[in-house]
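Asker: Quick one: the structure is below, questions incoming.
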Amino acid sequence: MRAVAVFLVSVLALSQAAFAESKQDWDDCASSDLERSIAGCNKIIARAKDTKASLAIAYANRGNDYHDKGDYDKAIADYTQSIKLNPSAPATYRNRGWSYAQTGEFDLAIADYNQTLKLKSDYPGIYYDRGWSYAAKKDNARALTDYNRAVELDKNNPDLFNDRGSAFADLGDLDKALADFDKALSLKPDYALAHANRDWVLAQRDKHEEAVVEYSEAIRLAPGNPDNLNDRAVSLIKTEQYDLAIADLDEALKLKADHANALQNRGWAYWLKGNPDKALADYNEALRINPDDLGALADRASLFDDRGEIDRSIADYEKVLAANADDGAALDGRAWGYAQKGELDKALADSERAVALLPTEPNAIHTRAWIYMNKGLLDLALADFDKALSLNPELAGAYADRGRAFELKGDRDKAAADYHKSLSLKSRQHYDEKAKAEALEHLTALAAVAPGAVAASGGPSGGDAAKQAEPQLATKRIALVIGNGAYANVKALKNADKRCPRRGRELAATRLRGDREA
């Protein structure tokens with residue numbers, strides 16, 4: 001160090017002007033003003049007269065500037081040059097890793113974070129950085145390992161708790177996710193993203209009324225965020241507040257006209273509100289923006305089915321299945337399309353696969369039961385109806401259909417009991433209304449044979465019965481609405497599932513300032 005000091009003094013004595021110029025360039029290169037910093041670093045790099053270690057710092061600082069400007073390719077190039085000149089600087093590896101992460105090169109990011117840890121095992125924030133990249137790769141188990149270590153070292157970082165909560169949620173541990181979102185909010189009560197993520201958990205637990213109220217706080221804190229409006233709209237749809245949902249989605253689309261998820265959800269709301277033309281227009285626009293959105297294709301397929309456009313419905317389901325041959329919901333939808341066309345063998349083949357893929361999905365089992373019934377396989381049909389209703393005892397349409405199967409078997413008492421049960425339940429999907437109407441017709445016909453059988457339903461008396469007829473196989477089950485693996489009013493949180501919970505680490509303009517060198 002003494003020799004270097006002497007050397008610098010001698011340089012100062014020989015060239016005061018050159019030293020002053022060099023010092024100004026270095027002051028500029030270390031500035032927090034990005035353009036000034038880039039200009040100063042440019043001069044140092046162009047001069048190429050400084051030591052390798054000094055040039056490494058100039059490249060690293062300019063890399064930070066490019067990173068903060070969002071020009072990650074240039075940042076990576078400068079960091080790489082800096083590493084060639086000085087391969088032992090942990091900050092440069094860390095910063096290049098973060099730039100790689102911003103470009104989606106998560107494996108390269110993780111490799112740089114690993115090298116950072118080799119050079120400095122206690123590098124601040126590095127476990128959080130690496131956990132973030134693991135989470136982006138959907139390797140949530142490794143992400144949690146790193147997040148847990150990061151929490152041990154930093155117990156007061158709301159972003160860290162928010163992101164760990166997101167990893168827990170992705171792994172299906174909603175209790176731990178909610179605890180972390182709550183912790184993030186205790187550290188930062190005005191954290192809009194943590195509010196939104198907490199609300200997402202409530203929605204996943206079907207606490208939609210509570211979610212609607214709490215989403216309002218996220219919207220108040222981040223009024224320009226269309227995602228929060230979109231997500232509140234999903235819970236509004238779930239609580240059948242379609243006009244309010246549409247108003248939220250209109251506002252979201254004002255903020256972001258190409259928000260495909262908002263278009264898809266508005267289409268859903270219009271559909272349930274009874275305006276299929278507007279619904280179709282929204283689905284078409286969502287697919288124009290994102291032609292590969294399988295959820296939007298599946299929803300449009302269901303809508304086509306509801307409109308009686310069976311061939312178009314099947315065509316959309318086939319596009320979904322071309323991208324994912326094991327999409328159980330699409331197989332179920334196509335099975336129903338084939339069934340409506342009378343192609344029961346094709347329908348059954350699809351339905352068998354759908355049930356194998358979705359063994360606890362009551363609506364898929366109901367579809368197969370209906371196909372069995374229409375093929376005359378009544379015992380198999382009844383077994384499936386029983387299973388579907390054990391999984392969801394609120395399926396009014398399934399009771400109506402099971403009643404029909406009992407009637408075809410000649411068991412009029414059980415048929416009447418199921419028809420009564422169907423009529424007592426709230427319609428939860430479009431098909432239920434049609435099925436209940438048919439149940440009432442059959443109950444009325446049974447009453448003509450056994451007067452009083454219809455009385456418990458509140459339907460017409462025997463004197464008003466339409467007619468007595470021999471049981472006929474059902475010809476059509478109308479308005480099956482699948483939509484991402486569920487049906488009409490019991491649809492899954494399709495858009496929230498795609499995007500939420502959201503991670504909180506957005507790159508700020510000052511993100512790398514702590515890692516600058518001078």
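By order in the structure tokens, chains are A, B, ...; within a chain, residues start at 1; ligands start at 1, following the order shown.
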What's around Arg94 (chain A) at 10 Å? Count only C-alpha atoms, leave out sequence neighbours fewer than 4 positions away in its own chain, and write the answer as a PyMOL selection string.

Answerer: chain A and resi 79+89-90+98-100+109-117+123+125-126+129-130+512+515

Asker: May I have the residues within 12 Å of region 281-292 of chain A as a ChimeraX atom specification, using only C-alpha atoms and disregarding those fewer than 3 positions away in the same chain?

Answerer: /A:246,249-250,253,257-271,275-278,295-304,316,319-324,483

Asker: Generate the output file for the selected residues, N, CA and C atoms, as a short mmCIF file (atom, residue, chain, number, x, y, z; two decimals), in the first residue's frame.

Answerer:
data_model
loop_
_atom_site.label_atom_id
_atom_site.label_comp_id
_atom_site.auth_asym_id
_atom_site.auth_seq_id
_atom_site.Cartn_x
_atom_site.Cartn_y
_atom_site.Cartn_z
N ILE A 246 -68.81 -6.29 -13.80
CA ILE A 246 -68.60 -5.71 -15.12
C ILE A 246 -68.06 -4.28 -15.00
N LEU A 249 -64.42 -4.54 -14.26
CA LEU A 249 -63.68 -4.99 -15.44
C LEU A 249 -63.62 -3.90 -16.51
N ASP A 250 -64.68 -3.12 -16.63
CA ASP A 250 -64.64 -1.96 -17.54
C ASP A 250 -63.51 -1.02 -17.12
N LEU A 253 -60.10 -2.41 -17.89
CA LEU A 253 -59.80 -2.34 -19.33
C LEU A 253 -59.53 -0.91 -19.77
N ALA A 257 -56.07 -1.74 -21.91
CA ALA A 257 -57.03 -2.19 -22.92
C ALA A 257 -56.77 -3.62 -23.39
N ASP A 258 -55.52 -4.08 -23.28
CA ASP A 258 -55.20 -5.43 -23.75
C ASP A 258 -55.10 -6.43 -22.60
N HIS A 259 -55.82 -6.17 -21.51
CA HIS A 259 -55.84 -7.08 -20.35
C HIS A 259 -56.73 -8.27 -20.70
N ALA A 260 -56.10 -9.31 -21.24
CA ALA A 260 -56.86 -10.45 -21.74
C ALA A 260 -57.66 -11.14 -20.64
N ASN A 261 -57.10 -11.23 -19.44
CA ASN A 261 -57.83 -11.87 -18.34
C ASN A 261 -59.09 -11.09 -17.98
N ALA A 262 -58.99 -9.76 -18.00
CA ALA A 262 -60.17 -8.95 -17.69
C ALA A 262 -61.24 -9.14 -18.77
N LEU A 263 -60.83 -9.24 -20.01
CA LEU A 263 -61.79 -9.51 -21.09
C LEU A 263 -62.45 -10.87 -20.89
N GLN A 264 -61.64 -11.86 -20.54
CA GLN A 264 -62.18 -13.19 -20.32
C GLN A 264 -63.18 -13.20 -19.17
N ASN A 265 -62.83 -12.50 -18.09
CA ASN A 265 -63.75 -12.46 -16.95
C ASN A 265 -65.01 -11.66 -17.26
N ARG A 266 -64.86 -10.59 -18.04
CA ARG A 266 -66.06 -9.82 -18.39
C ARG A 266 -66.97 -10.67 -19.28
N GLY A 267 -66.36 -11.46 -20.16
CA GLY A 267 -67.15 -12.38 -20.96
C GLY A 267 -67.92 -13.35 -20.09
N TRP A 268 -67.24 -13.84 -19.06
CA TRP A 268 -67.89 -14.76 -18.12
C TRP A 268 -69.06 -14.08 -17.43
N ALA A 269 -68.84 -12.83 -16.98
CA ALA A 269 -69.92 -12.11 -16.29
C ALA A 269 -71.10 -11.86 -17.22
N TYR A 270 -70.81 -11.44 -18.45
CA TYR A 270 -71.90 -11.22 -19.41
C TYR A 270 -72.67 -12.52 -19.66
N TRP A 271 -71.95 -13.60 -19.77
CA TRP A 271 -72.57 -14.89 -20.03
C TRP A 271 -73.53 -15.25 -18.90
N ASN A 275 -76.19 -12.51 -21.38
CA ASN A 275 -75.87 -11.80 -22.62
C ASN A 275 -74.75 -12.54 -23.35
N PRO A 276 -75.08 -13.67 -23.99
CA PRO A 276 -74.03 -14.48 -24.63
C PRO A 276 -73.34 -13.79 -25.79
N ASP A 277 -74.02 -12.85 -26.47
CA ASP A 277 -73.37 -12.16 -27.59
C ASP A 277 -72.20 -11.30 -27.11
N LYS A 278 -72.43 -10.54 -26.03
CA LYS A 278 -71.33 -9.75 -25.47
C LYS A 278 -70.24 -10.65 -24.90
N GLY A 295 -57.29 -21.29 -21.33
CA GLY A 295 -58.47 -21.04 -20.51
C GLY A 295 -59.55 -20.31 -21.28
N ALA A 296 -59.14 -19.30 -22.06
CA ALA A 296 -60.10 -18.55 -22.87
C ALA A 296 -60.72 -19.44 -23.94
N LEU A 297 -59.90 -20.31 -24.55
CA LEU A 297 -60.43 -21.24 -25.54
C LEU A 297 -61.46 -22.17 -24.92
N ALA A 298 -61.15 -22.68 -23.71
CA ALA A 298 -62.08 -23.59 -23.05
C ALA A 298 -63.38 -22.88 -22.70
N ASP A 299 -63.27 -21.63 -22.25
CA ASP A 299 -64.48 -20.88 -21.92
C ASP A 299 -65.32 -20.62 -23.16
N ARG A 300 -64.65 -20.25 -24.26
CA ARG A 300 -65.41 -20.01 -25.48
C ARG A 300 -66.06 -21.30 -25.98
N ALA A 301 -65.34 -22.41 -25.83
CA ALA A 301 -65.92 -23.70 -26.22
C ALA A 301 -67.19 -23.97 -25.43
N SER A 302 -67.16 -23.68 -24.13
CA SER A 302 -68.35 -23.89 -23.29
C SER A 302 -69.49 -22.97 -23.72
N LEU A 303 -69.13 -21.74 -24.08
CA LEU A 303 -70.16 -20.81 -24.53
C LEU A 303 -70.78 -21.27 -25.84
N PHE A 304 -69.95 -21.74 -26.76
CA PHE A 304 -70.49 -22.27 -28.02
C PHE A 304 -71.46 -23.42 -27.74
N ASP A 316 -62.97 -25.81 -30.61
CA ASP A 316 -62.17 -25.10 -29.61
C ASP A 316 -61.57 -26.07 -28.60
N LYS A 319 -58.51 -27.61 -29.99
CA LYS A 319 -57.32 -26.74 -29.92
C LYS A 319 -56.68 -26.83 -28.55
N VAL A 320 -57.50 -26.86 -27.52
CA VAL A 320 -56.97 -27.01 -26.17
C VAL A 320 -56.24 -28.34 -26.04
N LEU A 321 -56.85 -29.40 -26.54
CA LEU A 321 -56.27 -30.74 -26.41
C LEU A 321 -55.04 -30.92 -27.28
N ALA A 322 -54.95 -30.16 -28.37
CA ALA A 322 -53.74 -30.22 -29.18
C ALA A 322 -52.55 -29.68 -28.41
N ALA A 323 -52.81 -28.70 -27.54
CA ALA A 323 -51.74 -28.12 -26.72
C ALA A 323 -51.50 -28.95 -25.46
N ASN A 324 -52.54 -29.59 -24.95
CA ASN A 324 -52.42 -30.39 -23.73
C ASN A 324 -53.40 -31.56 -23.82
N GLY A 483 -65.54 -24.27 -18.36
CA GLY A 483 -64.69 -23.16 -17.97
C GLY A 483 -63.58 -23.53 -17.01
#

Asker: Using only C-alpha atoms, which residues sit within 10 Å of Leu380 (chain A) once same-chain residues fewer than 3 positions away are excluded, as a PyMOL selection string?

Answerer: chain A and resi 368-373+376-377+383-386

Asker: Would you mind reading off the distance between CA of Asp78 (chain A) and CA of Ser22 (chain A), one decimal, in Å?

Answerer: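 Pair CA of Asp78 (chain A) / CA of Ser22 (chain A) returns 20.5 Å.
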
Asker: Using only C-alpha atoms, can you tell me which of A:Ala184, A:Ala315, A:Val201, A:Ala398 comes closest to Ala169 (chain A)?

Answerer: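 So, comparing all the options, the nearest one is A:Val201.
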
Asker: Quick one: of A:Ala177, A:Leu236, A:Leu408, A:Ala48, who's nearest to Asp206 (chain A), counting only C-alpha atoms?

Answerer: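 Smallest separation from Asp206 (chain A) among the options: A:Leu236.
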
Asker: Which residues come within 12 Å of Glu217 (chain A), counting only C-alpha atoms, excluding same-chain residues fewer than 4 positions away, as a list of chain:residue names?

Answerer: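 Listed by chain and then number, they are A:Pro189, A:Asp190, A:Tyr191, A:Ala192, A:Leu193, A:Ala194, A:His195, A:Ala196, A:Asn197, A:Arg198, A:Asp199, A:Glu210, A:Ala211, A:Val212, A:Val213, A:Leu221, A:Ala222, A:Pro223, A:Asn228, A:Leu229, A:Arg232.
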
Asker: If you count only C-alpha atoms, which residues fall within 10 Å of Ser133 (chain A), apart from same-chain ones fewer than 6 positions away, as a list in words?

Answerer: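 The filter keeps Gly97, Trp98, Tyr100, Ala101, Gln102, Gly104, Glu105, Phe106, Asp107, Leu108, Ala109, Ile110, Tyr113, Tyr127, Asp139, Asn140, Arg142 and Ala143 of chain A.
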
Asker: Put those residues in a file: N, CA and C atoms, as a short mmCIF file (atom, residue, chain, number, x, y, z; two decimals), in the first residue's frame.

Answerer:
data_model
loop_
_atom_site.label_atom_id
_atom_site.label_comp_id
_atom_site.auth_asym_id
_atom_site.auth_seq_id
_atom_site.Cartn_x
_atom_site.Cartn_y
_atom_site.Cartn_z
N GLY A 97 -26.45 -11.58 -11.86
CA GLY A 97 -27.52 -12.55 -11.61
C GLY A 97 -28.89 -11.89 -11.62
N TRP A 98 -28.98 -10.72 -11.00
CA TRP A 98 -30.27 -10.03 -10.96
C TRP A 98 -30.68 -9.56 -12.35
N TYR A 100 -29.81 -11.14 -15.16
CA TYR A 100 -30.26 -12.37 -15.82
C TYR A 100 -31.70 -12.69 -15.40
N ALA A 101 -31.99 -12.51 -14.12
CA ALA A 101 -33.35 -12.81 -13.63
C ALA A 101 -34.38 -11.94 -14.34
N GLN A 102 -34.03 -10.67 -14.59
CA GLN A 102 -34.97 -9.78 -15.25
C GLN A 102 -35.23 -10.17 -16.69
N GLY A 104 -35.37 -13.34 -17.59
CA GLY A 104 -35.94 -14.68 -17.57
C GLY A 104 -34.91 -15.79 -17.63
N GLU A 105 -33.63 -15.45 -17.56
CA GLU A 105 -32.57 -16.45 -17.59
C GLU A 105 -32.26 -16.88 -16.15
N PHE A 106 -33.22 -17.63 -15.58
CA PHE A 106 -33.14 -17.91 -14.14
C PHE A 106 -32.02 -18.89 -13.79
N ASP A 107 -31.70 -19.84 -14.67
CA ASP A 107 -30.60 -20.75 -14.38
C ASP A 107 -29.28 -20.00 -14.33
N LEU A 108 -29.08 -19.07 -15.27
CA LEU A 108 -27.86 -18.27 -15.26
C LEU A 108 -27.82 -17.37 -14.02
N ALA A 109 -28.97 -16.84 -13.64
CA ALA A 109 -29.05 -16.02 -12.42
C ALA A 109 -28.63 -16.83 -11.21
N ILE A 110 -29.18 -18.03 -11.09
CA ILE A 110 -28.87 -18.88 -9.93
C ILE A 110 -27.39 -19.23 -9.91
N TYR A 113 -25.64 -16.31 -8.48
CA TYR A 113 -25.87 -16.20 -7.04
C TYR A 113 -25.04 -17.24 -6.27
N TYR A 127 -29.76 -14.82 -0.40
CA TYR A 127 -30.69 -15.95 -0.31
C TYR A 127 -32.07 -15.55 -0.82
N ASP A 139 -39.80 -23.77 -8.83
CA ASP A 139 -39.15 -24.70 -7.92
C ASP A 139 -39.36 -24.15 -6.51
N ASN A 140 -40.60 -24.28 -6.04
CA ASN A 140 -40.98 -23.62 -4.79
C ASN A 140 -40.36 -24.26 -3.56
N ARG A 142 -37.22 -25.37 -3.28
CA ARG A 142 -35.92 -24.72 -3.11
C ARG A 142 -36.09 -23.24 -2.78
N ALA A 143 -37.09 -22.63 -3.38
CA ALA A 143 -37.35 -21.22 -3.06
C ALA A 143 -37.61 -21.06 -1.57
#

Asker: Would you return as a ChimeraX atom specification the members of region 293-437 of chain A that DSSP assigns to alpha helix (DSSP H) on this structure's backbone?

Answerer: /A:294-306,310-323,328-340,344-357,362-374,378-391,396-409,412-424,430-437

Asker: Would you compute the distance between CA of Leu391 (chain A) and CA of Gly410 (chain A)? Give it in Å to one decimal.

Answerer: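 Straight-line distance from CA of Leu391 (chain A) to CA of Gly410 (chain A) works out to 25.9 Å.
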
Asker: For each of A:Ala325, A:Ile314, A:Leu255, A:Ala233, take the minimum atom-to-atom distance to Lys346 (chain A), counting only C-alpha atoms, then give the residue where this is smallest.

Answerer: A:Ile314

Asker: Between A:Thr367, A:Ser313, A:Thr360, A:Asn156, which is the closest to Gly337 (chain A) once you count only C-alpha atoms?

Answerer: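 Checking each of A:Thr367, A:Ser313, A:Thr360, A:Asn156 against Gly337 (chain A), counting only C-alpha atoms, the winner is A:Ser313.
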
Asker: Between CA of Arg402 (chain A) and CA of Glu309 (chain A), measure the distance and give it in Å to one decimal.

Answerer: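 Computing it gives 26.6 Å between the two atoms.
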
Asker: Give me the residues near region 421-426 of chain A as a PDB file with N, CA, C and O atoms, in the first residue's frame, where near means some atom within 9 Å (using only C-alpha atoms) and where sequence neighbours in that chain fewer than 4 positions away do not count.

Answerer:
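Saved as selection.pdb:
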ATOM      1  N   GLU A 394     -75.005 -30.878  -3.929  1.00  0.00           N
ATOM      2  CA  GLU A 394     -75.817 -29.734  -4.339  1.00  0.00           C
ATOM      3  C   GLU A 394     -76.068 -29.708  -5.847  1.00  0.00           C
ATOM      4  O   GLU A 394     -76.593 -28.724  -6.360  1.00  0.00           O
ATOM      5  N   LEU A 395     -75.696 -30.755  -6.573  1.00  0.00           N
ATOM      6  CA  LEU A 395     -75.864 -30.771  -8.029  1.00  0.00           C
ATOM      7  C   LEU A 395     -77.311 -31.113  -8.386  1.00  0.00           C
ATOM      8  O   LEU A 395     -77.684 -32.279  -8.513  1.00  0.00           O
ATOM      9  N   ALA A 396     -78.096 -30.082  -8.584  1.00  0.00           N
ATOM     10  CA  ALA A 396     -79.518 -30.297  -8.883  1.00  0.00           C
ATOM     11  C   ALA A 396     -79.701 -31.119 -10.147  1.00  0.00           C
ATOM     12  O   ALA A 396     -80.574 -31.999 -10.209  1.00  0.00           O
ATOM     13  N   GLY A 397     -78.897 -30.837 -11.164  1.00  0.00           N
ATOM     14  CA  GLY A 397     -79.029 -31.568 -12.418  1.00  0.00           C
ATOM     15  C   GLY A 397     -78.717 -33.036 -12.280  1.00  0.00           C
ATOM     16  O   GLY A 397     -79.340 -33.885 -12.947  1.00  0.00           O
ATOM     17  N   ALA A 398     -77.755 -33.375 -11.429  1.00  0.00           N
ATOM     18  CA  ALA A 398     -77.407 -34.785 -11.239  1.00  0.00           C
ATOM     19  C   ALA A 398     -78.541 -35.537 -10.559  1.00  0.00           C
ATOM     20  O   ALA A 398     -78.807 -36.706 -10.871  1.00  0.00           O
ATOM     21  N   TYR A 399     -79.225 -34.888  -9.607  1.00  0.00           N
ATOM     22  CA  TYR A 399     -80.398 -35.536  -9.000  1.00  0.00           C
ATOM     23  C   TYR A 399     -81.478 -35.775 -10.047  1.00  0.00           C
ATOM     24  O   TYR A 399     -82.114 -36.842 -10.084  1.00  0.00           O
ATOM     25  N   ALA A 400     -81.701 -34.779 -10.897  1.00  0.00           N
ATOM     26  CA  ALA A 400     -82.718 -34.935 -11.935  1.00  0.00           C
ATOM     27  C   ALA A 400     -82.369 -36.095 -12.861  1.00  0.00           C
ATOM     28  O   ALA A 400     -83.236 -36.915 -13.217  1.00  0.00           O
ATOM     29  N   GLY A 403     -82.724 -39.411 -11.131  1.00  0.00           N
ATOM     30  CA  GLY A 403     -84.141 -39.749 -11.106  1.00  0.00           C
ATOM     31  C   GLY A 403     -84.590 -40.360 -12.416  1.00  0.00           C
ATOM     32  O   GLY A 403     -85.357 -41.338 -12.445  1.00  0.00           O
ATOM     33  N   ALA A 416     -89.060 -40.429  -8.208  1.00  0.00           N
ATOM     34  CA  ALA A 416     -89.806 -39.279  -7.700  1.00  0.00           C
ATOM     35  C   ALA A 416     -89.023 -38.569  -6.590  1.00  0.00           C
ATOM     36  O   ALA A 416     -88.987 -37.334  -6.524  1.00  0.00           O
ATOM     37  N   ALA A 417     -88.374 -39.352  -5.715  1.00  0.00           N
ATOM     38  CA  ALA A 417     -87.596 -38.750  -4.630  1.00  0.00           C
ATOM     39  C   ALA A 417     -86.471 -37.876  -5.186  1.00  0.00           C
ATOM     40  O   ALA A 417     -86.220 -36.766  -4.694  1.00  0.00           O
ATOM     41  N   ASP A 432     -78.640 -26.930 -14.757  1.00  0.00           N
ATOM     42  CA  ASP A 432     -79.600 -27.269 -13.702  1.00  0.00           C
ATOM     43  C   ASP A 432     -81.021 -26.825 -14.053  1.00  0.00           C
ATOM     44  O   ASP A 432     -81.987 -27.530 -13.749  1.00  0.00           O
ATOM     45  N   ALA A 435     -82.508 -29.258 -16.515  1.00  0.00           N
ATOM     46  CA  ALA A 435     -82.711 -30.559 -15.875  1.00  0.00           C
ATOM     47  C   ALA A 435     -83.890 -30.515 -14.910  1.00  0.00           C
ATOM     48  O   ALA A 435     -84.693 -31.459 -14.830  1.00  0.00           O
ATOM     49  N   LYS A 436     -84.008 -29.417 -14.168  1.00  0.00           N
ATOM     50  CA  LYS A 436     -85.113 -29.295 -13.217  1.00  0.00           C
ATOM     51  C   LYS A 436     -86.458 -29.188 -13.940  1.00  0.00           C
ATOM     52  O   LYS A 436     -87.476 -29.734 -13.482  1.00  0.00           O
ATOM     53  N   ALA A 437     -86.463 -28.495 -15.086  1.00  0.00           N
ATOM     54  CA  ALA A 437     -87.698 -28.407 -15.863  1.00  0.00           C
ATOM     55  C   ALA A 437     -88.130 -29.790 -16.334  1.00  0.00           C
ATOM     56  O   ALA A 437     -89.323 -30.150 -16.285  1.00  0.00           O
ATOM     57  N   ALA A 439     -87.245 -32.578 -14.868  1.00  0.00           N
ATOM     58  CA  ALA A 439     -87.632 -33.340 -13.674  1.00  0.00           C
ATOM     59  C   ALA A 439     -89.098 -33.081 -13.330  1.00  0.00           C
ATOM     60  O   ALA A 439     -89.854 -34.008 -12.984  1.00  0.00           O
ATOM     61  N   LEU A 440     -89.528 -31.811 -13.431  1.00  0.00           N
ATOM     62  CA  LEU A 440     -90.917 -31.478 -13.132  1.00  0.00           C
ATOM     63  C   LEU A 440     -91.863 -32.141 -14.124  1.00  0.00           C
ATOM     64  O   LEU A 440     -92.929 -32.659 -13.738  1.00  0.00           O
ATOM     65  N   SER A 457     -93.540 -31.567  -4.463  1.00  0.00           N
ATOM     66  CA  SER A 457     -92.687 -30.678  -5.261  1.00  0.00           C
ATOM     67  C   SER A 457     -93.253 -29.293  -5.386  1.00  0.00           C
ATOM     68  O   SER A 457     -92.563 -28.367  -5.808  1.00  0.00           O
TER      69      SER A 457
END

Asker: Counting only C-alpha atoms, figure out which residue out of A:Asp227, A:Asp401, A:Leu55, A:Ser235 gets nearest to Glu214 (chain A).

Answerer: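 Closest candidate: A:Ser235.
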